[in-house]
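Asks: This is the structure I have questions about; it appears just below.
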Amino acid sequence: MNIFPRFPAWLGLGSVALAALLLLCGAGQPPSRMQYRTFLRGNLQARGPIQPNGEARFVSLVIGQPQKPLDATMPFFVRLGSGKVLEFADFTVDRIAGLAGPSKLVLEKSDWGRGTVVEYSLEGMVFVFRAEQCVMFRASVIQLPNRTYAPEIGSAQSLAFYKLPLTQAQLELIFGPPDEIRDKSSL
């Protein structure tokens, strides 16, 4: 008995599964490639998908890398869900550890060289400390089943805050114009 009456019995179940897969994948068309844009300025790197209108929505932001750690040359603020505002000077181990609670991660091996490296996670943000100094800050949109974290980044000049994902115009208002923009395709 053929349980798939629309397909002739001579096709077999393997062919039916293949046909269904082809239909789900766009009738054999190659999968569309997502375009990503990277905004680079000094030791800042923001990344996000390019929308159909050609603008990018930057969903992640990293400031600081082993060769160029986070420092006061690119001032910014973050606003927590409680409304509390933190500036770069507030990025101390005691302050961040107190806010983050038990979300401490000690990295045994890292690219930051000798010394203990510790990460604290807080509301979609990660603060990386080496020798009691905040050397890197990451912010990302995080979608959980019952909650979304979208960190708010603010401009030191205007005290305006913008919630991730950010536009290129918002990045430029906070940090200034990019040194470089890179577009890339990936699956």
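So you can find residues: chains in the structure tokens are A, B, ... in the order shown, residues in each start at 1, and ligands are numbered from 1 in order.
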With the cut-off set at 9 Å and counting only C-alpha atoms, tabulate each residue of segment 90-183 of chain A with an atom at most that distance from an atom of segment 67-78 of chain A, showing the nearest atom pair and its distance in Å to one decimal, ordered by chain and increasing number, as CSV.
Replies:
residue,atom,partner,partner_atom,distance
A:Trp112,CA,A:Gln67,CA,8.6
A:Cys134,CA,A:Leu70,CA,6.8
A:Val135,CA,A:Leu70,CA,4.6
A:Met136,CA,A:Leu70,CA,5.2
A:Phe137,CA,A:Leu70,CA,7.2
A:Pro151,CA,A:Val78,CA,7.3
A:Glu152,CA,A:Val78,CA,5.6
A:Ile153,CA,A:Val78,CA,4.6
A:Gly154,CA,A:Phe77,CA,4.7
A:Ser155,CA,A:Phe76,CA,5.4
A:Ala156,CA,A:Phe76,CA,5.1
A:Gln157,CA,A:Phe76,CA,8.6
A:Leu159,CA,A:Phe77,CA,7.8
A:Phe161,CA,A:Val78,CA,7.9
A:Ile174,CA,A:Phe76,CA,7.1
A:Phe175,CA,A:Met74,CA,6.7
Asks: If you keep C-alpha atoms, can you produce a file of those selected residues as a PDB file, in the first residue's frame?
Replies:
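Listed below is the output, selection.pdb:
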ATOM      1  CA  TRP A 112      46.195  38.091  26.893  1.00  0.00           C
ATOM      2  CA  CYS A 134      39.499  45.855  32.228  1.00  0.00           C
ATOM      3  CA  VAL A 135      41.195  45.027  28.927  1.00  0.00           C
ATOM      4  CA  MET A 136      38.183  44.098  26.792  1.00  0.00           C
ATOM      5  CA  PHE A 137      34.463  44.816  26.603  1.00  0.00           C
ATOM      6  CA  PRO A 151      22.835  46.197  25.802  1.00  0.00           C
ATOM      7  CA  GLU A 152      22.597  49.989  25.658  1.00  0.00           C
ATOM      8  CA  ILE A 153      25.731  51.895  24.678  1.00  0.00           C
ATOM      9  CA  GLY A 154      26.009  55.632  25.173  1.00  0.00           C
ATOM     10  CA  SER A 155      27.978  58.517  23.834  1.00  0.00           C
ATOM     11  CA  ALA A 156      30.299  60.289  26.231  1.00  0.00           C
ATOM     12  CA  GLN A 157      29.667  63.551  24.351  1.00  0.00           C
ATOM     13  CA  LEU A 159      24.881  61.000  26.897  1.00  0.00           C
ATOM     14  CA  PHE A 161      22.000  55.789  24.595  1.00  0.00           C
ATOM     15  CA  ILE A 174      29.126  57.141  19.810  1.00  0.00           C
ATOM     16  CA  PHE A 175      32.646  56.339  18.597  1.00  0.00           C
TER      17      PHE A 175
END
Asks: Report as a ChimeraX atom specification: the residues of segment 40-162 of chain A with a DSSP assignment of helix (DSSP H, G or I), based on the backbone of this structure.
Replies: /A:88-90,93-100
Asks: Pick out each residue of segment 71-122 of chain A that DSSP on the backbone tags as strand (DSSP E); I need them as a PyMOL selection string.
Replies: chain A and resi 76-79+85-87+104-107+117-122
Asks: Just N, CA and C atoms for this one: save the residues we selected as an mmCIF file, in the first residue's frame.
Replies:
data_model
loop_
_atom_site.group_PDB
_atom_site.id
_atom_site.type_symbol
_atom_site.label_atom_id
_atom_site.label_comp_id
_atom_site.auth_asym_id
_atom_site.auth_seq_id
_atom_site.Cartn_x
_atom_site.Cartn_y
_atom_site.Cartn_z
ATOM 1 N N PHE A 76 32.998 55.695 26.424
ATOM 2 C CA PHE A 76 31.602 55.341 26.180
ATOM 3 C C PHE A 76 30.964 54.980 27.508
ATOM 4 N N PHE A 77 29.643 54.864 27.511
ATOM 5 C CA PHE A 77 28.878 54.497 28.691
ATOM 6 C C PHE A 77 28.033 53.277 28.354
ATOM 7 N N VAL A 78 27.660 52.519 29.373
ATOM 8 C CA VAL A 78 26.672 51.454 29.205
ATOM 9 C C VAL A 78 25.566 51.698 30.235
ATOM 10 N N ARG A 79 24.343 51.376 29.827
ATOM 11 C CA ARG A 79 23.223 51.497 30.756
ATOM 12 C C ARG A 79 22.687 50.099 31.026
ATOM 13 N N VAL A 85 23.949 53.717 35.090
ATOM 14 C CA VAL A 85 24.881 54.038 34.005
ATOM 15 C C VAL A 85 26.307 53.815 34.498
ATOM 16 N N LEU A 86 27.098 53.120 33.683
ATOM 17 C CA LEU A 86 28.512 52.887 33.986
ATOM 18 C C LEU A 86 29.358 53.508 32.890
ATOM 19 N N GLU A 87 30.413 54.187 33.290
ATOM 20 C CA GLU A 87 31.385 54.695 32.328
ATOM 21 C C GLU A 87 32.664 53.878 32.468
ATOM 22 N N LYS A 104 31.318 34.589 37.045
ATOM 23 C CA LYS A 104 32.768 34.759 36.875
ATOM 24 C C LYS A 104 33.340 33.544 36.151
ATOM 25 N N LEU A 105 34.206 33.805 35.174
ATOM 26 C CA LEU A 105 34.876 32.736 34.439
ATOM 27 C C LEU A 105 36.366 33.039 34.432
ATOM 28 N N VAL A 106 37.163 32.143 35.042
ATOM 29 C CA VAL A 106 38.611 32.295 35.048
ATOM 30 C C VAL A 106 39.148 31.545 33.842
ATOM 31 N N LEU A 107 39.913 32.245 33.002
ATOM 32 C CA LEU A 107 40.460 31.643 31.790
ATOM 33 C C LEU A 107 41.869 31.142 32.072
ATOM 34 N N VAL A 117 43.355 35.887 33.878
ATOM 35 C CA VAL A 117 42.364 36.585 33.074
ATOM 36 C C VAL A 117 40.986 36.108 33.531
ATOM 37 N N VAL A 118 40.127 37.059 33.840
ATOM 38 C CA VAL A 118 38.800 36.750 34.370
ATOM 39 C C VAL A 118 37.753 37.468 33.534
ATOM 40 N N GLU A 119 36.661 36.762 33.226
ATOM 41 C CA GLU A 119 35.524 37.341 32.513
ATOM 42 C C GLU A 119 34.317 37.393 33.438
ATOM 43 N N TYR A 120 33.583 38.495 33.358
ATOM 44 C CA TYR A 120 32.306 38.628 34.051
ATOM 45 C C TYR A 120 31.240 38.927 33.006
ATOM 46 N N SER A 121 30.125 38.200 33.053
ATOM 47 C CA SER A 121 29.012 38.403 32.120
ATOM 48 C C SER A 121 27.873 39.098 32.835
ATOM 49 N N LEU A 122 27.265 40.038 32.125
ATOM 50 C CA LEU A 122 26.205 40.833 32.726
ATOM 51 C C LEU A 122 25.305 41.388 31.631
#
Asks: Leaving out segment 176-179 of chain A and any residue of its chain fewer than 6 positions from it, which residues lie within 10 Å of it when counting only C-alpha atoms, given as a list in words?
Replies: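 Near segment 176-179 of chain A, the qualifying residues are Thr38, Phe39, Leu40, Arg41, Gly42, Leu44, Gln45, Met74, Ser155, Gln168, Ala169 and Gln170 of chain A.
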